file target_31.txt (compact mmCIF, C-alpha atoms and all ligand atoms)
# COMPACT_ATOMS: atom_id res chain seq x y z
CA MET A 6 34.29 191.57 135.87
CA SER A 7 31.10 193.61 136.19
CA GLY A 8 31.10 197.20 137.38
CA MET A 9 31.62 200.73 136.21
CA ILE A 10 34.43 201.80 133.90
CA LEU A 11 35.62 205.37 133.54
CA VAL A 12 36.62 206.08 129.94
CA LEU A 13 38.90 209.07 129.40
CA ASN A 14 39.87 210.77 126.17
CA ALA A 15 42.28 213.61 126.87
CA GLY A 16 43.04 216.09 124.09
CA SER A 17 45.14 219.23 124.07
CA SER A 18 42.46 221.47 125.53
CA SER A 19 39.78 219.04 126.66
CA VAL A 20 39.15 215.91 128.66
CA LYS A 21 36.13 213.87 127.60
CA CYS A 22 34.81 211.18 129.88
CA ALA A 23 32.15 208.49 129.91
CA LEU A 24 30.98 206.14 132.62
CA ILE A 25 30.12 202.74 131.24
CA GLU A 26 28.54 199.93 133.21
CA THR A 27 29.65 196.51 132.02
CA ASN A 28 28.45 193.07 133.02
CA GLY A 29 31.73 191.50 131.91
CA HIS A 30 30.10 189.59 129.05
CA GLY A 31 30.23 192.25 126.35
CA HIS A 32 27.06 194.07 127.43
CA ASP A 33 27.63 197.69 128.28
CA HIS A 34 25.45 200.61 129.20
CA GLU A 35 26.49 204.26 129.24
CA THR A 36 25.55 205.76 132.62
CA ALA A 37 26.92 209.26 132.15
CA ARG A 38 29.20 211.30 129.96
CA GLY A 39 30.93 214.62 130.31
CA SER A 40 33.73 216.88 129.27
CA VAL A 41 35.99 219.62 130.46
CA ASP A 42 36.54 221.90 127.47
CA GLY A 43 38.68 224.99 126.99
CA LEU A 44 41.55 223.96 129.27
CA GLY A 45 43.99 226.85 129.44
CA GLN A 46 41.31 229.34 128.34
CA ASP A 47 37.86 229.49 129.91
CA ALA A 48 37.43 225.93 131.04
CA ARG A 49 33.89 224.62 131.43
CA PHE A 50 32.66 221.34 132.83
CA ARG A 51 29.62 219.53 131.46
CA PHE A 52 28.25 216.24 132.72
CA SER A 53 25.03 214.49 131.70
CA PHE A 54 23.30 211.43 133.12
CA SER A 55 21.46 208.83 131.08
CA ASP A 56 18.83 208.30 133.80
CA GLY A 57 17.32 211.76 133.36
CA ARG A 58 18.98 213.50 136.30
CA PRO A 59 19.57 217.19 135.43
CA ASN A 60 22.76 217.94 133.51
CA LEU A 61 25.62 219.69 135.27
CA GLN A 62 27.24 222.70 133.62
CA LEU A 63 29.74 224.83 135.43
CA PRO A 64 32.63 227.14 134.73
CA ILE A 65 35.81 226.08 136.52
CA ALA A 66 37.11 228.47 139.15
CA GLY A 67 40.54 229.85 138.15
CA SER A 68 39.82 228.19 134.83
CA LYS A 69 42.59 229.90 132.85
CA ALA A 70 45.15 227.93 134.81
CA ALA A 71 43.14 224.69 134.93
CA THR A 72 45.21 221.64 134.03
CA HIS A 73 44.39 218.10 132.96
CA LYS A 74 44.85 217.10 136.59
CA ASP A 75 42.27 219.68 137.72
CA ALA A 76 39.88 218.37 135.05
CA ILE A 77 40.27 214.77 136.15
CA GLU A 78 39.97 215.74 139.81
CA LEU A 79 36.62 217.34 138.97
CA VAL A 80 35.50 214.29 136.98
CA LEU A 81 36.42 211.92 139.84
CA LYS A 82 34.76 214.17 142.43
CA THR A 83 31.56 214.28 140.36
CA ILE A 84 31.57 210.49 140.05
CA ASP A 85 32.16 210.18 143.79
CA ASP A 86 29.30 212.58 144.60
CA HIS A 87 26.79 210.91 142.28
CA PHE A 88 27.77 207.25 142.14
CA GLY A 89 30.54 206.60 144.68
CA LEU A 90 34.14 206.18 143.54
CA SER A 91 34.22 202.65 144.93
CA ARG A 92 31.94 201.55 142.07
CA LEU A 93 34.72 202.17 139.57
CA ILE A 94 36.58 199.00 138.61
CA ALA A 95 39.01 200.57 136.12
CA ALA A 96 39.87 203.56 133.95
CA GLY A 97 40.29 203.02 130.21
CA HIS A 98 42.22 205.66 128.27
CA ARG A 99 42.34 206.56 124.63
CA VAL A 100 46.02 206.80 123.76
CA VAL A 101 46.84 207.97 120.28
CA HIS A 102 50.13 206.14 119.66
CA GLY A 103 51.13 202.59 120.52
CA GLY A 104 54.15 202.52 118.18
CA ASP A 105 55.44 199.09 117.15
CA GLU A 106 55.17 197.61 120.61
CA PHE A 107 51.50 197.98 121.46
CA ARG A 108 49.25 196.13 119.04
CA ALA A 109 46.43 195.61 121.53
CA PRO A 110 45.11 197.34 124.67
CA VAL A 111 47.48 197.07 127.63
CA ILE A 112 47.37 197.35 131.43
CA LEU A 113 49.33 200.44 132.40
CA GLU A 114 52.17 199.50 134.72
CA SER A 115 55.57 201.14 134.90
CA HIS A 116 57.11 199.38 131.87
CA ALA A 117 54.18 200.26 129.60
CA LEU A 118 54.13 203.87 130.84
CA ALA A 119 57.84 204.29 130.20
CA ALA A 120 57.43 202.84 126.68
CA LEU A 121 54.51 205.19 125.95
CA LYS A 122 56.54 208.21 127.06
CA LYS A 123 59.21 207.25 124.52
CA LEU A 124 56.58 207.53 121.79
CA ILE A 125 55.90 211.23 122.51
CA PRO A 126 58.05 212.40 119.54
CA LEU A 127 55.80 210.36 117.22
CA ALA A 128 52.65 212.19 118.38
CA PRO A 129 53.82 215.36 120.14
CA LEU A 130 50.44 217.08 119.89
CA HIS A 131 48.42 214.23 121.45
CA GLN A 132 50.50 211.71 123.40
CA PRO A 133 51.58 214.09 126.23
CA HIS A 134 47.93 214.90 127.02
CA ASN A 135 46.93 211.23 127.02
CA LEU A 136 49.81 210.52 129.41
CA SER A 137 49.02 213.43 131.71
CA ALA A 138 45.49 212.03 132.14
CA ILE A 139 46.98 208.66 133.11
CA ASP A 140 49.33 210.35 135.60
CA ALA A 141 46.46 212.35 137.07
CA VAL A 142 44.28 209.26 137.63
CA GLY A 143 47.32 207.49 139.12
CA ALA A 144 47.82 210.34 141.58
CA LEU A 145 44.17 210.73 142.54
CA ALA A 146 43.05 207.07 142.54
CA PRO A 147 46.27 205.04 142.88
CA HIS A 148 44.55 201.67 143.27
CA LEU A 149 42.35 201.95 140.20
CA PRO A 150 43.62 199.69 137.38
CA GLN A 151 44.31 201.72 134.23
CA ILE A 152 44.22 200.45 130.67
CA ALA A 153 45.36 202.11 127.43
CA CYS A 154 43.62 201.56 124.08
CA PHE A 155 45.52 202.78 121.03
CA ASP A 156 44.38 204.53 117.88
CA THR A 157 47.21 202.83 116.00
CA ALA A 158 46.72 199.23 117.20
CA PHE A 159 43.93 198.20 114.81
CA HIS A 160 46.27 198.88 111.88
CA ALA A 161 48.94 196.39 113.03
CA THR A 162 47.63 194.03 110.32
CA ILE A 163 48.56 196.38 107.43
CA PRO A 164 51.18 194.61 105.29
CA ALA A 165 54.62 196.13 104.69
CA VAL A 166 53.78 197.02 101.10
CA ALA A 167 51.08 199.41 102.33
CA ARG A 168 52.78 200.35 105.60
CA ASN A 169 56.22 201.41 104.48
CA PHE A 170 57.20 204.67 102.83
CA ALA A 171 59.61 204.55 99.89
CA LEU A 172 62.41 205.88 102.09
CA PRO A 173 65.85 204.46 102.89
CA LYS A 174 65.48 201.22 104.84
CA ALA A 175 67.33 202.60 107.88
CA LEU A 176 64.55 205.18 108.35
CA THR A 177 61.81 202.55 108.04
CA GLU A 178 63.63 200.53 110.71
CA LYS A 179 63.61 203.62 112.94
CA GLY A 180 59.81 203.60 112.77
CA ILE A 181 59.30 206.24 110.06
CA ARG A 182 56.34 204.52 108.44
CA ARG A 183 52.56 204.56 108.20
CA TYR A 184 50.80 203.82 111.50
CA GLY A 185 47.24 204.94 110.82
CA PHE A 186 44.82 206.28 113.43
CA HIS A 187 41.09 206.24 114.37
CA GLY A 188 41.68 202.55 115.15
CA ILE A 189 39.35 202.49 118.16
CA SER A 190 36.50 203.71 115.98
CA PHE A 191 37.38 201.28 113.17
CA SER A 192 37.55 198.32 115.55
CA TYR A 193 34.14 199.27 117.02
CA ILE A 194 32.63 199.32 113.51
CA ALA A 195 34.39 196.08 112.51
CA GLN A 196 33.03 194.35 115.63
CA HIS A 197 29.57 195.78 115.02
CA LEU A 198 29.67 194.50 111.43
CA ARG A 199 30.69 191.02 112.62
CA GLU A 200 27.71 190.97 114.97
CA THR A 201 25.09 192.46 112.66
CA GLU A 202 26.25 191.80 109.07
CA PRO A 203 28.41 188.67 109.31
CA GLU A 204 28.37 188.04 105.56
CA LEU A 205 29.53 191.55 104.66
CA ALA A 206 32.03 191.54 107.55
CA HIS A 207 33.93 188.72 105.82
CA LYS A 208 34.26 190.68 102.60
CA ASP A 209 36.04 193.85 101.40
CA VAL A 210 34.70 196.94 103.13
CA VAL A 211 35.78 200.57 103.49
CA ILE A 212 34.94 202.45 106.67
CA ALA A 213 34.80 206.23 106.19
CA HIS A 214 35.32 207.91 109.58
CA LEU A 215 34.40 211.49 108.72
CA GLY A 216 34.52 213.83 111.70
CA ASN A 217 36.74 216.82 112.43
CA GLY A 218 39.53 214.35 111.84
CA ALA A 219 38.82 212.04 108.91
CA SER A 220 40.29 208.81 107.59
CA LEU A 221 39.39 205.69 105.64
CA CYS A 222 40.16 202.11 106.56
CA ALA A 223 40.13 199.22 104.09
CA LEU A 224 38.96 196.02 105.80
CA LYS A 225 39.58 192.56 104.41
CA GLY A 226 37.63 190.01 106.41
CA GLY A 227 37.45 192.49 109.30
CA HIS A 228 41.20 193.30 109.38
CA SER A 229 42.77 196.61 108.39
CA VAL A 230 44.89 196.27 105.23
CA ALA A 231 45.18 199.95 104.25
CA THR A 232 44.35 203.34 105.71
CA THR A 233 44.66 206.96 104.64
CA MET A 234 46.35 208.43 107.71
CA GLY A 235 50.07 207.83 107.85
CA PHE A 236 53.01 208.56 110.15
CA SER A 237 50.79 211.20 111.69
CA ALA A 238 47.12 212.08 111.75
CA LEU A 239 47.88 214.83 109.21
CA ASP A 240 47.97 212.54 106.18
CA GLY A 241 45.22 211.34 103.86
CA LEU A 242 41.80 212.96 103.52
CA MET A 243 41.13 216.68 103.82
CA MET A 244 39.82 217.42 107.34
CA GLY A 245 38.30 220.22 109.43
CA THR A 246 41.57 222.10 109.93
CA ARG A 247 44.16 219.61 108.60
CA CYS A 248 45.36 219.57 105.00
CA GLY A 249 45.61 215.80 104.51
CA THR A 250 48.01 214.60 101.83
CA ILE A 251 50.06 217.34 100.19
CA ASP A 252 53.27 217.34 98.22
CA PRO A 253 56.02 217.42 100.91
CA ALA A 254 57.99 219.85 98.72
CA VAL A 255 55.46 222.52 99.74
CA ILE A 256 56.94 222.34 103.23
CA PHE A 257 60.53 222.92 102.02
CA TYR A 258 59.31 225.80 99.91
CA LEU A 259 57.49 227.43 102.84
CA MET A 260 60.51 227.08 105.10
CA ARG A 261 63.10 228.20 102.55
CA ASP A 262 61.29 230.80 100.48
CA GLU A 263 58.59 232.04 102.85
CA ASN A 264 60.87 231.90 105.91
CA MET A 265 58.36 229.95 107.97
CA SER A 266 59.66 227.98 110.95
CA ALA A 267 58.94 224.27 111.28
CA GLU A 268 56.52 225.14 114.12
CA ALA A 269 54.69 227.72 112.02
CA VAL A 270 54.30 225.25 109.13
CA GLU A 271 53.10 222.58 111.55
CA THR A 272 50.54 224.93 113.10
CA MET A 273 49.30 225.93 109.64
CA LEU A 274 49.00 222.37 108.33
CA TYR A 275 47.28 221.03 111.46
CA GLY A 276 45.20 224.01 112.51
CA GLN A 277 44.60 226.46 109.67
CA SER A 278 44.10 224.25 106.62
CA GLY A 279 41.42 221.79 105.49
CA LEU A 280 37.81 222.99 105.38
CA LEU A 281 38.75 226.06 107.43
CA GLY A 282 41.70 227.05 105.25
CA VAL A 283 39.98 226.59 101.90
CA SER A 284 36.68 228.22 102.91
CA GLY A 285 38.24 230.97 105.04
CA LEU A 286 35.05 230.57 107.05
CA SER A 287 34.81 227.54 109.30
CA ASN A 288 36.08 224.04 109.99
CA ASP A 289 32.54 222.98 110.79
CA MET A 290 30.68 221.21 107.98
CA ARG A 291 27.28 222.38 109.24
CA ALA A 292 28.38 226.03 109.06
CA LEU A 293 29.74 225.49 105.53
CA ARG A 294 26.49 223.86 104.37
CA GLN A 295 24.54 226.82 105.73
CA ALA A 296 26.82 229.32 104.01
CA ALA A 297 27.33 227.41 100.75
CA ALA A 298 24.60 229.06 98.66
CA ASP A 299 26.23 232.50 98.92
CA HIS A 300 29.86 231.57 99.47
CA ALA A 301 31.96 230.20 96.61
CA ASP A 302 34.89 229.21 98.83
CA ALA A 303 32.61 227.25 101.18
CA ARG A 304 31.30 225.38 98.11
CA LEU A 305 34.85 224.72 96.93
CA ALA A 306 35.88 223.43 100.39
CA ILE A 307 32.95 220.99 100.45
CA ALA A 308 33.62 219.93 96.86
CA MET A 309 37.30 219.26 97.62
CA PHE A 310 36.42 217.34 100.79
CA THR A 311 34.00 215.18 98.81
CA TYR A 312 36.37 214.68 95.85
CA ARG A 313 39.18 213.50 98.10
CA ILE A 314 36.93 210.93 99.79
CA ILE A 315 35.79 209.52 96.44
CA ARG A 316 39.34 209.41 95.10
CA GLU A 317 40.73 207.70 98.20
CA ILE A 318 37.90 205.16 98.31
CA GLY A 319 38.88 204.33 94.73
CA SER A 320 42.43 203.79 95.96
CA MET A 321 41.20 201.58 98.85
CA ALA A 322 39.13 199.53 96.38
CA ALA A 323 42.28 198.99 94.29
CA ALA A 324 44.21 197.92 97.41
CA LEU A 325 41.42 195.47 98.29
CA GLY A 326 40.94 194.21 94.71
CA GLY A 327 37.27 195.21 94.76
CA LEU A 328 34.78 196.72 97.15
CA ASP A 329 31.69 195.02 98.62
CA GLY A 330 30.48 197.68 101.04
CA ILE A 331 30.99 201.11 102.60
CA VAL A 332 30.25 202.24 106.14
CA PHE A 333 29.90 205.95 106.94
CA THR A 334 30.55 207.04 110.51
CA ALA A 335 31.48 209.99 112.82
CA GLY A 336 29.95 213.52 112.82
CA ILE A 337 29.86 214.18 109.07
CA GLY A 338 29.49 210.52 108.04
CA GLU A 339 26.53 210.02 110.38
CA HIS A 340 24.69 213.29 109.75
CA ASP A 341 25.52 214.85 106.38
CA SER A 342 23.22 213.12 103.89
CA GLU A 343 24.28 215.42 101.04
CA LEU A 344 27.90 214.38 101.44
CA ARG A 345 26.96 210.67 101.51
CA GLU A 346 24.83 211.05 98.40
CA ASP A 347 27.61 212.86 96.50
CA VAL A 348 30.17 210.23 97.55
CA LEU A 349 27.96 207.32 96.49
CA ASN A 350 27.16 209.05 93.19
CA GLY A 351 30.89 209.36 92.60
CA LEU A 352 31.33 205.64 93.21
CA GLY A 353 28.84 204.43 90.63
CA PHE A 354 31.75 202.83 88.76
CA LEU A 355 32.28 200.54 91.78
CA GLY A 356 28.65 199.44 91.87
CA PHE A 357 27.25 201.92 94.40
CA SER A 358 24.11 204.02 94.17
CA VAL A 359 22.08 205.82 96.81
CA ASP A 360 18.49 205.36 97.99
CA ARG A 361 17.78 209.08 98.37
CA LYS A 362 14.84 208.69 100.74
CA ALA A 363 16.63 206.23 103.02
CA ASN A 364 19.69 208.49 102.98
CA ALA A 365 17.67 211.60 103.85
CA ARG A 366 16.14 209.66 106.79
CA HIS A 367 19.66 208.61 107.91
CA ASP A 368 18.58 204.96 107.73
CA ARG A 369 21.07 202.27 108.57
CA VAL A 370 21.12 201.10 104.93
CA ILE A 371 21.25 204.03 102.48
CA SER A 372 22.12 202.20 99.23
CA ALA A 373 19.61 201.43 96.49
CA SER A 374 18.45 197.82 96.22
CA SER A 375 20.60 197.23 93.12
CA SER A 376 23.71 198.71 94.78
CA ASN A 377 26.48 197.24 96.88
CA PRO A 378 25.57 197.96 100.50
CA ALA A 379 26.31 201.40 101.96
CA LEU A 380 25.57 201.71 105.67
CA VAL A 381 25.50 204.44 108.31
CA ILE A 382 26.72 203.11 111.66
CA PRO A 383 27.28 205.55 114.54
CA THR A 384 30.69 204.98 116.05
CA ASN A 385 31.18 204.59 119.79
CA GLU A 386 34.82 204.83 120.78
CA GLU A 387 33.96 205.01 124.48
CA ALA A 388 32.06 201.70 124.37
CA MET A 389 34.99 200.09 122.55
CA ILE A 390 37.45 201.32 125.18
CA ALA A 391 35.17 200.07 127.98
CA ARG A 392 34.88 196.63 126.36
CA SER A 393 38.63 196.32 125.90
CA THR A 394 39.19 197.51 129.46
CA ALA A 395 36.68 195.03 130.91
CA LYS A 396 38.32 192.19 128.97
CA LEU A 397 41.78 193.00 130.29
CA ILE A 398 40.80 193.27 133.93
CA THR A 399 38.57 190.19 133.87
CA PRO A 400 40.50 187.31 135.39
CA VAL A 401 40.57 184.33 132.98
P1 LIG B 1 35.55 214.84 116.21
O1 LIG B 1 36.52 214.35 115.19
O2 LIG B 1 35.94 216.14 116.85
O3 LIG B 1 35.07 213.78 117.19
P2 LIG B 1 32.84 214.67 115.14
O4 LIG B 1 32.86 213.22 114.81
O5 LIG B 1 31.97 215.13 116.25
O6 LIG B 1 34.30 215.26 115.33
O7 LIG B 1 32.42 215.45 113.80
C1 LIG B 1 32.39 216.84 113.76
C2 LIG B 1 31.95 217.25 112.37
O8 LIG B 1 30.65 216.70 112.11
C3 LIG B 1 31.83 218.75 112.19
O9 LIG B 1 32.36 219.14 110.94
C4 LIG B 1 30.34 218.96 112.21
O10 LIG B 1 29.94 220.09 111.46
C5 LIG B 1 29.86 217.71 111.51
N1 LIG B 1 28.42 217.51 111.72
C6 LIG B 1 27.77 217.22 112.85
N2 LIG B 1 26.42 217.21 112.62
C7 LIG B 1 26.26 217.48 111.31
C8 LIG B 1 25.13 217.63 110.45
N3 LIG B 1 23.89 217.47 110.91
N4 LIG B 1 25.36 217.91 109.14
C9 LIG B 1 26.60 218.09 108.67
N5 LIG B 1 27.70 217.97 109.43
C10 LIG B 1 27.53 217.68 110.72
call {"tool": "encode", "arguments": {"input": "target_31.txt", "output": "structure tokens"}}
result
Amino acid sequence: MSGMILVLNAGSSSVKCALIETNGHGHDHETARGSVDGLGQDARFRFSFSDGRPNLQLPIAGSKAATHKDAIELVLKTIDDHFGLSRLIAAGHRVVHGGDEFRAPVILESHALAALKKLIPLAPLHQPHNLSAIDAVGALAPHLPQIACFDTAFHATIPAVARNFALPKALTEKGIRRYGFHGISFSYIAQHLRETEPELAHKDVVIAHLGNGASLCALKGGHSVATTMGFSALDGLMMGTRCGTIDPAVIFYLMRDENMSAEAVETMLYGQSGLLGVSGLSNDMRALRQAAADHADARLAIAMFTYRIIREIGSMAAALGGLDGIVFTAGIGEHDSELREDVLNGLGFLGFSVDRKANARHDRVISASSSNPALVIPTNEEAMIARSTAKLITPV
């Protein structure tokens, strides 16, 4: 079906949105994008148009009490004022957890919504916000079809040997296992590879999604067979404020010997660790690069971030039985040429080397001619959600 799709990505303190025009045959065009940031503090609304109309930027009245519903009301009103709400054919949501049941995008009716609510304990920091955005759209535009796309779904192909933890079987059967996340981004890149690099897409590839959150995905013939995030989005690589993999005994020690509550440990591991915790300066890679020359802890944070990526790519290569290509994506992966160069230098033993000029220019192909291919492909989670949404509402 052709028309305009509203894509919503609701986080704890923000709602990001994009308006994507689709012709129903896989061609999509972003018409506008926006965000409400700082919900619960000093909320601000930003909205930009791709046709050159002036951007909107406004504080939200009574912003300290602004809720997800207020944010979505503002988004829908803005769309109504500038495009007409009747042009919307559906809303597509990013939903972090699909559990065992949802292995593909789904139309949100009452059964699916009830099932998603049951998954809140698996993603308590994200799932409630995703669901409140769905509720808000349901209340404000009850006839608009809504679709959920899951960060976990792309990893449904991971085999049990890589998916299960070495825990008692009864716990595995309760769903205590690796799910993996960033699946919407990984499926966008996998689809892009199929379209643009069909030969490589059939081989063994690692996608490095390196943003504030960061994870790797090992692709065999385009399907996920291993990933670094686990039961939660806390596992795996070091991230902006998250620790990534640590010895779980650290948590018992902190609770028993440092008298920290479970909530305090959780807040520390999710929000005060990673680049921020190690550097004591910032979770933002750009800020760390700027400070690095005079700041030993910023240098250590960057070095640890880089080391962990190299080490985990080695692990992915072992899981795949070889590695034919690497794709860098997301904020750091797309923009930090120094990081990409250091990672590729660390992977010389797997047949990778960098073309320094191409890398500095942020070319699509940044590997030397003698190297296995290393690519930079900007991710587009919103486009992926819009495509999946259009497919589901298109009558077959
Ligand atoms: P999120 O996971 O929040 O979507 P992004 O994918 O936007 O995050 O990535 C944010 C990260 O990308 C930040 O650490 C930011 O510093 C980094 N980044 C963005 N631009 C650059 C750049 N030019 N050089 C280095 N890092 C960058």
call {"tool": "closest_residue", "arguments": {"input": "target_31.txt", "among": "A:Gly353, A:Gly235, A:Pro378, A:Gly338", "to": "ligand LIG 1 (chain B)", "atoms": "all atoms listed in the file"}}
result
A:Gly338
call {"tool": "residues_around", "arguments": {"input": "target_31.txt", "residues": "range 73-86 of chain A", "least_positions_apart": "6", "cutoff": "12 Å", "atoms": "all atoms listed in the file", "output": "ChimeraX atom specification"}}
result
/A:9-25,36-45,48-54,60-67,92-93,96,133-146,149
call {"tool": "closest_atom_pairs", "arguments": {"input": "target_31.txt", "of": "chain A", "to": "ligand LIG 1 (chain B)", "cutoff": "7 Å", "atoms": "all atoms listed in the file", "output": "Markdown table"}}
result
| residue | atom | partner | partner_atom | distance |
| --- | --- | --- | --- | --- |
| A:Leu215 | CA | B:LIG1 | O4 | 6.5 |
| A:Gly216 | CA | B:LIG1 | O7 | 3.4 |
| A:Asn217 | CA | B:LIG1 | O1 | 3.7 |
| A:Gly218 | CA | B:LIG1 | O1 | 4.5 |
| A:Gly245 | CA | B:LIG1 | O9 | 6.2 |
| A:Asn288 | CA | B:LIG1 | O9 | 6.2 |
| A:Asp289 | CA | B:LIG1 | O9 | 3.8 |
| A:Met290 | CA | B:LIG1 | O10 | 3.7 |
| A:Arg291 | CA | B:LIG1 | O10 | 4.2 |
| A:Ala292 | CA | B:LIG1 | O10 | 6.6 |
| A:Ala335 | CA | B:LIG1 | O4 | 4.0 |
| A:Gly336 | CA | B:LIG1 | O7 | 3.3 |
| A:Ile337 | CA | B:LIG1 | O8 | 4.0 |
| A:His340 | CA | B:LIG1 | N3 | 4.4 |
| A:Asp341 | CA | B:LIG1 | C9 | 4.1 |
call {"tool": "closest_residue", "arguments": {"input": "target_31.txt", "among": "A:His116, A:Arg361, A:Lys123, A:His214", "to": "Glu386 in chain A", "atoms": "all atoms listed in the file"}}
result
A:His214
call {"tool": "atom_distance", "arguments": {"input": "target_31.txt", "atom1": "CA of Leu239 in chain A", "atom2": "CA of Lys225 in chain A"}}
result
24.2 Å
call {"tool": "residues_around", "arguments": {"input": "target_31.txt", "residues": "Arg369 in chain A", "least_positions_apart": "2", "cutoff": "7 Å", "atoms": "only C-alpha atoms", "output": "list in words"}}
result
His367, Ile371, Leu380, Val381 and Ile382 of chain A
call {"tool": "build_atoms", "arguments": {"input": "target_31.txt", "residues": "range 313-326 of chain A", "atoms": "N, CA and C atoms", "output": "tab-separated table (two decimals), in the coordinates of the input"}}
result
chain	number	residue	atom	x	y	z
A	313	ARG	N	38.07	214.27	97.52
A	313	ARG	CA	39.18	213.50	98.10
A	313	ARG	C	38.68	212.18	98.68
A	314	ILE	N	37.47	212.19	99.24
A	314	ILE	CA	36.93	210.93	99.79
A	314	ILE	C	36.70	209.94	98.65
A	315	ILE	N	36.07	210.42	97.57
A	315	ILE	CA	35.79	209.52	96.44
A	315	ILE	C	37.10	208.97	95.88
A	316	ARG	N	38.07	209.84	95.69
A	316	ARG	CA	39.34	209.41	95.10
A	316	ARG	C	40.04	208.39	96.00
A	317	GLU	N	40.04	208.63	97.28
A	317	GLU	CA	40.73	207.70	98.20
A	317	GLU	C	39.96	206.39	98.36
A	318	ILE	N	38.63	206.44	98.26
A	318	ILE	CA	37.90	205.16	98.31
A	318	ILE	C	38.25	204.34	97.06
A	319	GLY	N	38.43	205.03	95.93
A	319	GLY	CA	38.88	204.33	94.73
A	319	GLY	C	40.22	203.64	94.98
A	320	SER	N	41.11	204.34	95.66
A	320	SER	CA	42.43	203.79	95.96
A	320	SER	C	42.32	202.59	96.92
A	321	MET	N	41.43	202.69	97.90
A	321	MET	CA	41.20	201.58	98.85
A	321	MET	C	40.64	200.36	98.10
A	322	ALA	N	39.73	200.64	97.15
A	322	ALA	CA	39.13	199.53	96.38
A	322	ALA	C	40.22	198.83	95.57
A	323	ALA	N	41.16	199.60	95.04
A	323	ALA	CA	42.28	198.99	94.29
A	323	ALA	C	43.14	198.15	95.24
A	324	ALA	N	43.39	198.67	96.44
A	324	ALA	CA	44.21	197.92	97.41
A	324	ALA	C	43.51	196.62	97.80
A	325	LEU	N	42.18	196.66	97.88
A	325	LEU	CA	41.42	195.47	98.29
A	325	LEU	C	41.18	194.51	97.12
A	326	GLY	N	41.29	195.02	95.88
A	326	GLY	CA	40.94	194.21	94.71
A	326	GLY	C	39.44	194.11	94.53
